[in-house]
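Everything below concerns the one structure shown next.
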Amino acid sequence: MNLTFLAVHAHPDDEASSTGGLFRLLANEGVRTVLVTCTNGECGDALDGAKPDADHHDGDAVAQLRRGELDRAVEILGINRLVRLGYRDSGMMGWPQNVDPESFWSTPVEEAATRLAAVLREERPQVVVTYNDYGFYGHPDHIQAHRVTVAALSMLDYEPTLYFNAVPLSVMGEMRKRWAEEERERATRDGSPTPTGEESGEESDDEGDDEVEIGTADDLIDAAITITSVNGAKFDALAAHHSQIAGSFWMKMGREKFVETMTTEWFVRATNPRGLSGVVNDLMAGYR
């Protein structure tokens with residue numbers, strides 16, 4: 001059987017952060033890999049770090065910059081086909097870009113799903129990855145990617161296995177500790193007050209705290225993919241998105257520390273046509 005994997009991501013750089021290792025791993029194994037990127041990333045940072053609300057921020061110029069960065073990441077990850085749906089970046093929830101009629105968030109789900117379904121019919125992937133119904137962390141374009149993907153899959157004459165990207169709560173806890181330690185070290189270097197509570201990444205005990213937990217309970221994880229052999233390529237793909245990633249905690253780790261630390265990608269199974277059970281270590285499980 002010829003195997004095909006397809007991921008639906010919201011913006012340039014999302015493919016590297018949650019599925020970069022998986023893409024490279026599957027490519028090395030001879031699986032055909034397809035990436036669908038829904039938006040152009042107009043609401044990303046400009047080269048000088050300007051945010052979308054800055055007077056001189058040019059969304060079209062940012063999109064053009066990110067286009068080249070995505071091309072480079074796709075090459076690094078060995079992705080066979082890149083499909084750009086070309087919708088405008090919707091920005092974060094509540095931003096004015098949400099209501100732009102050309103934004104992904106404002107696009108009728110059925111319209112975008114019909115376009116995605118055409119790609120799915122061409123490729124007929126056995127396995128599809130996107131975000132959960134909260135878009136992993138509540139970004140409108142991620143939520144819309146979920147809605148569009150689910151709608152597109154319902155238009156097919158077969159049922160692929162659908163996975164959502166995830167991070168176990170236990171791992172999120174360790175990451176928060178690391179971020180808090182980095183903040184303390186930064187404060188010590190700068191001579192500023194040591195952050196406490198929410199500033200340090202620690203959990204809040206306030207009953208009114210409505211922050212949504214982006215981690216997934218460990219016992220809900222259905223796939224844990226070891227990417228040790230390819231996480232150098234994942235780092236390089238992230239680094240290719242320099243305009244957006246340069247100041248991220250990944251880049252601050254450095255390549256050596258990243259390769260040593262970021263060794264797994266996790267997923268939750270949303271459909272199960274092959275009747276899989278337990279935590280798999282191969283996202284194409286059931287098909288080979």
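A note on labels: chains of the structure tokens are A, B, ... as shown, every chain counts residues from 1, and ligands are counted from 1 in their shown order.
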**OP:** Tell me which protein, DNA and RNA residues are within 10 Å of region 226-239 of chain A, counting only C-alpha atoms, leaving out same-chain ones fewer than 2 positions away, and put them as a ChimeraX atom specification.
**Re:** /A:13-25,28,69-78,223-224,241-246,248,250-251,254-256,258-266,281-282
Subject >> Nearest candidate to Gln144 (chain A) (options A:Asp89, A:Glu183, A:Glu159, A:Asp222; using only C-alpha atoms) >> reply: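 Looking at the shortest contact to Gln144 (chain A), the residue is A:Asp89.
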**OP:** Please give the complete set of residues from region 210-253 of chain A that DSSP, run on the backbone, assigns to strand (DSSP E or B), formatted as a count of residues only.
**Re:** 5
Subject >> Pick from A:Thr39, A:Ser154, A:Gln126, A:Thr114 nearest to Arg88 (chain A), counting only C-alpha atoms >> reply: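 Counting only C-alpha atoms, the residue closest to Arg88 (chain A) is A:Thr39.
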Original post:
For Tyr158 (chain A), which of A:Ala187, A:Val127, A:Leu26, A:Met1 is the closest residue, counting only C-alpha atoms?
Top reply: A:Val127
Subject >> Which of A:Val34, A:Ala113, A:Leu120, A:Met172 sits closest to Val150 (chain A) [using only C-alpha atoms] >> reply: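 Once distances to Val150 (chain A) are computed over only C-alpha atoms, the minimum belongs to A:Ala113.
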Subject >> Residue neighbourhood region 41-57 of chain A, 12 Å, only C-alpha atoms, exclusion window fewer than 3 positions, as a ChimeraX atom specification >> reply: /A:9-14,37-38,60-70,84-92,95-98,100,102-104,141,241-247
I need the chosen residues saved as a short mmCIF file (atom, residue, chain, number, x, y, z; two decimals), in the first residue's frame, with N, CA and C atoms.
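Final output, saved to again-v1.cif:
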```cif
data_model
loop_
_atom_site.label_atom_id
_atom_site.label_comp_id
_atom_site.auth_asym_id
_atom_site.auth_seq_id
_atom_site.Cartn_x
_atom_site.Cartn_y
_atom_site.Cartn_z
N HIS A 9 -2.46 22.87 8.69
CA HIS A 9 -1.97 23.85 9.66
C HIS A 9 -2.47 25.25 9.32
N ALA A 10 -2.50 26.10 10.34
CA ALA A 10 -3.09 27.42 10.19
C ALA A 10 -2.15 28.43 9.55
N HIS A 11 -0.89 28.45 9.98
CA HIS A 11 0.05 29.48 9.55
C HIS A 11 1.40 28.87 9.16
N PRO A 12 2.19 29.60 8.37
CA PRO A 12 3.58 29.21 8.20
C PRO A 12 4.26 29.18 9.57
N ASP A 13 4.97 28.16 9.87
CA ASP A 13 5.73 27.81 11.08
C ASP A 13 5.00 26.80 11.95
N ASP A 14 3.66 26.71 11.84
CA ASP A 14 2.93 25.70 12.63
C ASP A 14 3.33 24.28 12.25
N THR A 37 -1.38 24.63 4.26
CA THR A 37 -1.26 25.81 5.11
C THR A 37 -2.41 26.74 4.78
N CYS A 38 -3.23 27.08 5.77
CA CYS A 38 -4.49 27.77 5.50
C CYS A 38 -4.34 29.27 5.28
N ASP A 60 1.09 42.41 4.01
CA ASP A 60 1.42 41.75 2.74
C ASP A 60 2.92 41.48 2.64
N ALA A 61 3.72 42.42 3.13
CA ALA A 61 5.18 42.23 3.12
C ALA A 61 5.57 41.10 4.07
N VAL A 62 4.90 41.04 5.23
CA VAL A 62 5.16 39.95 6.18
C VAL A 62 4.80 38.61 5.55
N ALA A 63 3.67 38.56 4.85
CA ALA A 63 3.25 37.32 4.21
C ALA A 63 4.27 36.87 3.17
N GLN A 64 4.80 37.82 2.41
CA GLN A 64 5.79 37.48 1.39
C GLN A 64 7.06 36.93 2.04
N LEU A 65 7.47 37.56 3.15
CA LEU A 65 8.63 37.08 3.89
C LEU A 65 8.40 35.66 4.39
N ARG A 66 7.24 35.43 4.95
CA ARG A 66 6.93 34.12 5.52
C ARG A 66 6.76 33.06 4.43
N ARG A 67 6.40 33.47 3.24
CA ARG A 67 6.29 32.53 2.13
C ARG A 67 7.64 31.87 1.86
N GLY A 68 8.69 32.69 1.82
CA GLY A 68 10.03 32.16 1.59
C GLY A 68 10.49 31.29 2.75
N GLU A 69 10.16 31.69 3.97
CA GLU A 69 10.54 30.90 5.14
C GLU A 69 9.85 29.52 5.12
N LEU A 70 8.58 29.51 4.73
CA LEU A 70 7.86 28.24 4.66
C LEU A 70 8.45 27.33 3.58
N ARG A 84 -1.07 25.91 -0.43
CA ARG A 84 -1.42 27.15 0.28
C ARG A 84 -2.86 27.50 -0.06
N LEU A 85 -3.74 27.50 0.93
CA LEU A 85 -5.12 27.90 0.67
C LEU A 85 -5.22 29.42 0.49
N GLY A 86 -4.28 30.16 1.07
CA GLY A 86 -4.14 31.58 0.75
C GLY A 86 -5.07 32.54 1.46
N TYR A 87 -5.72 32.11 2.54
CA TYR A 87 -6.58 33.03 3.29
C TYR A 87 -5.72 34.01 4.10
N ARG A 88 -6.30 35.15 4.42
CA ARG A 88 -5.57 36.12 5.23
C ARG A 88 -5.59 35.68 6.69
N ASP A 89 -4.50 35.96 7.36
CA ASP A 89 -4.34 35.67 8.79
C ASP A 89 -5.40 36.44 9.57
N SER A 90 -6.09 35.76 10.48
CA SER A 90 -7.18 36.39 11.24
C SER A 90 -6.72 37.08 12.52
N GLY A 91 -5.46 36.91 12.89
CA GLY A 91 -4.99 37.48 14.14
C GLY A 91 -5.56 36.75 15.34
N MET A 92 -5.23 37.23 16.52
CA MET A 92 -5.72 36.61 17.75
C MET A 92 -7.19 36.96 17.97
N TRP A 95 -9.17 40.52 17.66
CA TRP A 95 -8.46 41.50 16.86
C TRP A 95 -9.36 41.96 15.70
N PRO A 96 -9.16 43.17 15.18
CA PRO A 96 -9.98 43.64 14.06
C PRO A 96 -9.83 42.79 12.81
N GLN A 97 -8.68 42.11 12.67
CA GLN A 97 -8.48 41.26 11.49
C GLN A 97 -9.47 40.09 11.44
N ASN A 98 -10.09 39.77 12.57
CA ASN A 98 -11.07 38.67 12.59
C ASN A 98 -12.19 38.90 11.58
N ASP A 100 -12.15 40.78 8.81
CA ASP A 100 -11.76 40.99 7.41
C ASP A 100 -12.44 39.90 6.58
N GLU A 102 -11.72 38.62 3.93
CA GLU A 102 -10.77 37.70 3.31
C GLU A 102 -10.03 36.85 4.34
N SER A 103 -10.31 37.07 5.62
CA SER A 103 -9.62 36.30 6.66
C SER A 103 -10.16 34.88 6.71
N PHE A 104 -9.35 34.00 7.21
CA PHE A 104 -9.75 32.59 7.33
C PHE A 104 -10.94 32.45 8.28
N ASP A 141 -7.63 31.04 13.80
CA ASP A 141 -7.26 30.28 12.60
C ASP A 141 -7.05 28.80 12.90
N HIS A 241 12.01 29.73 10.03
CA HIS A 241 10.99 30.75 10.25
C HIS A 241 11.55 31.85 11.16
N HIS A 242 12.69 32.38 10.76
CA HIS A 242 13.46 33.28 11.62
C HIS A 242 12.65 34.50 12.06
N SER A 243 11.84 35.05 11.17
CA SER A 243 11.14 36.29 11.50
C SER A 243 10.16 36.11 12.64
N GLN A 244 9.68 34.88 12.85
CA GLN A 244 8.69 34.62 13.89
C GLN A 244 9.26 33.87 15.09
N ILE A 245 10.32 33.11 14.88
CA ILE A 245 10.79 32.14 15.87
C ILE A 245 12.07 32.58 16.58
N ALA A 246 12.75 33.60 16.06
CA ALA A 246 14.09 33.93 16.56
C ALA A 246 14.14 34.11 18.07
N GLY A 247 13.10 34.69 18.66
CA GLY A 247 13.12 34.93 20.09
C GLY A 247 12.42 33.87 20.91
#
```
**OP:** Go through region 85-164 of chain A and collect every residue that DSSP, computed from the backbone, puts in alpha helix (DSSP H); the answer should be as a ChimeraX atom specification.
**Re:** /A:109-123,140-153
**OP:** One decimal, Å: what's the distance from CA of Ala112 (chain A) over to CA of Thr149 (chain A), could you say?
**Re:** 8.9 Å
Original post:
What does the distance from CA of Thr271 (chain A) to CA of Leu169 (chain A) come to in Å, to one decimal?
Top reply: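 Between CA of Thr271 (chain A) and CA of Leu169 (chain A) the gap is 22.0 Å.
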Just want the 8 Å neighbourhood of Ala117 (chain A), counted on only C-alpha atoms, with same-chain residues fewer than 4 positions away dropped. Output as a PDB file with N, CA and C atoms, in the first residue's frame.
```pdb
ATOM      1  N   ALA A 113     -13.827  24.117   3.330  1.00  0.00           N
ATOM      2  CA  ALA A 113     -13.822  22.656   3.404  1.00  0.00           C
ATOM      3  C   ALA A 113     -13.922  22.036   2.023  1.00  0.00           C
ATOM      4  N   ARG A 121      -9.150  14.404  -1.780  1.00  0.00           N
ATOM      5  CA  ARG A 121      -9.538  13.418  -2.805  1.00  0.00           C
ATOM      6  C   ARG A 121      -8.368  13.119  -3.731  1.00  0.00           C
ATOM      7  N   ALA A 152     -14.353  18.830   5.821  1.00  0.00           N
ATOM      8  CA  ALA A 152     -13.820  18.269   4.580  1.00  0.00           C
ATOM      9  C   ALA A 152     -13.786  16.747   4.633  1.00  0.00           C
ATOM     10  N   LEU A 153     -13.414  16.189   5.772  1.00  0.00           N
ATOM     11  CA  LEU A 153     -13.360  14.731   5.902  1.00  0.00           C
ATOM     12  C   LEU A 153     -14.745  14.111   5.739  1.00  0.00           C
ATOM     13  N   MET A 155     -16.865  14.937   3.665  1.00  0.00           N
ATOM     14  CA  MET A 155     -17.213  14.965   2.250  1.00  0.00           C
ATOM     15  C   MET A 155     -16.563  13.826   1.457  1.00  0.00           C
ATOM     16  N   LEU A 156     -15.734  13.028   2.129  1.00  0.00           N
ATOM     17  CA  LEU A 156     -15.001  11.969   1.443  1.00  0.00           C
ATOM     18  C   LEU A 156     -15.800  10.674   1.386  1.00  0.00           C
TER      19      LEU A 156
END
```
Original post:
Can you list, as a list in words, every protein, DNA or RNA residue that comes within 12 Å of Val171 (chain A) when you count only C-alpha atoms, leaving out same-chain residues fewer than 3 positions away?
Top reply: Ala166, Val167, Pro168, Glu174, Met175, Arg176, Lys177, Arg178, Ile214, Gly215, Thr216, Ala217, Asp218, Ile221, Thr261, Met262, Thr263, Thr264, Glu265 and Trp266 of chain A
Go ahead and write the residues just picked, N, CA and C atoms, as a compact mmCIF listing (two decimals), in the first residue's frame.
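Everything below was put into result_36.txt:
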```txt
# COMPACT_ATOMS: atom_id res chain seq x y z
N ALA A 166 -0.97 17.43 20.34
CA ALA A 166 -1.18 17.58 21.78
C ALA A 166 0.16 17.65 22.50
N VAL A 167 0.11 18.16 23.73
CA VAL A 167 1.25 18.11 24.64
C VAL A 167 0.73 17.59 25.98
N PRO A 168 1.30 16.51 26.51
CA PRO A 168 0.83 15.97 27.80
C PRO A 168 0.97 16.99 28.92
N GLU A 174 6.69 20.50 33.12
CA GLU A 174 8.15 20.64 33.04
C GLU A 174 8.54 21.87 32.22
N MET A 175 7.80 22.14 31.17
CA MET A 175 8.10 23.31 30.34
C MET A 175 7.89 24.59 31.13
N ARG A 176 6.82 24.64 31.92
CA ARG A 176 6.56 25.83 32.72
C ARG A 176 7.68 26.06 33.74
N LYS A 177 8.16 24.96 34.33
CA LYS A 177 9.28 25.08 35.27
C LYS A 177 10.51 25.66 34.56
N ARG A 178 10.74 25.18 33.33
CA ARG A 178 11.89 25.66 32.58
C ARG A 178 11.74 27.15 32.26
N ILE A 214 -3.78 24.29 27.98
CA ILE A 214 -3.53 23.79 26.64
C ILE A 214 -2.94 22.39 26.64
N GLY A 215 -2.51 21.91 27.80
CA GLY A 215 -2.00 20.55 27.88
C GLY A 215 -3.14 19.53 27.85
N THR A 216 -2.79 18.30 27.53
CA THR A 216 -3.74 17.19 27.47
C THR A 216 -3.39 16.18 28.55
N ALA A 217 -4.40 15.72 29.27
CA ALA A 217 -4.16 14.70 30.30
C ALA A 217 -3.35 13.55 29.71
N ASP A 218 -2.35 13.12 30.44
CA ASP A 218 -1.44 12.10 29.92
C ASP A 218 -2.16 10.84 29.46
N ILE A 221 -3.48 10.69 25.76
CA ILE A 221 -2.56 10.65 24.62
C ILE A 221 -2.66 9.29 23.93
N THR A 261 16.64 17.54 24.13
CA THR A 261 15.43 17.67 24.96
C THR A 261 14.14 17.35 24.23
N MET A 262 13.97 17.88 23.01
CA MET A 262 12.70 17.80 22.30
C MET A 262 12.65 16.52 21.47
N THR A 263 12.36 15.42 22.12
CA THR A 263 12.52 14.10 21.49
C THR A 263 11.21 13.41 21.12
N THR A 264 10.07 14.04 21.41
CA THR A 264 8.79 13.37 21.19
C THR A 264 7.75 14.35 20.68
N GLU A 265 6.85 13.87 19.81
CA GLU A 265 5.66 14.61 19.43
C GLU A 265 4.45 13.75 19.77
N TRP A 266 3.39 14.38 20.29
CA TRP A 266 2.25 13.63 20.82
C TRP A 266 0.97 14.00 20.08
```
Original post:
Between A:Val148, A:Val8, A:Leu162, A:Asn132, which is the closest to Pro108 (chain A) once you count only C-alpha atoms?
Top reply: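 With only C-alpha atoms as the atom set, the closest residue is A:Val148.
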Original post:
What does the distance from CA of Gly278 (chain A) to CA of Arg124 (chain A) come to in Å, to one decimal?
Top reply: 25.3 Å
**OP:** Excluding Ala27 (chain A) and any residue of its chain fewer than 5 positions from it, enumerate the residues within 7 Å of it, using only C-alpha atoms, and give them as a PyMOL selection string.
**Re:** chain A and resi 32-33+78-79
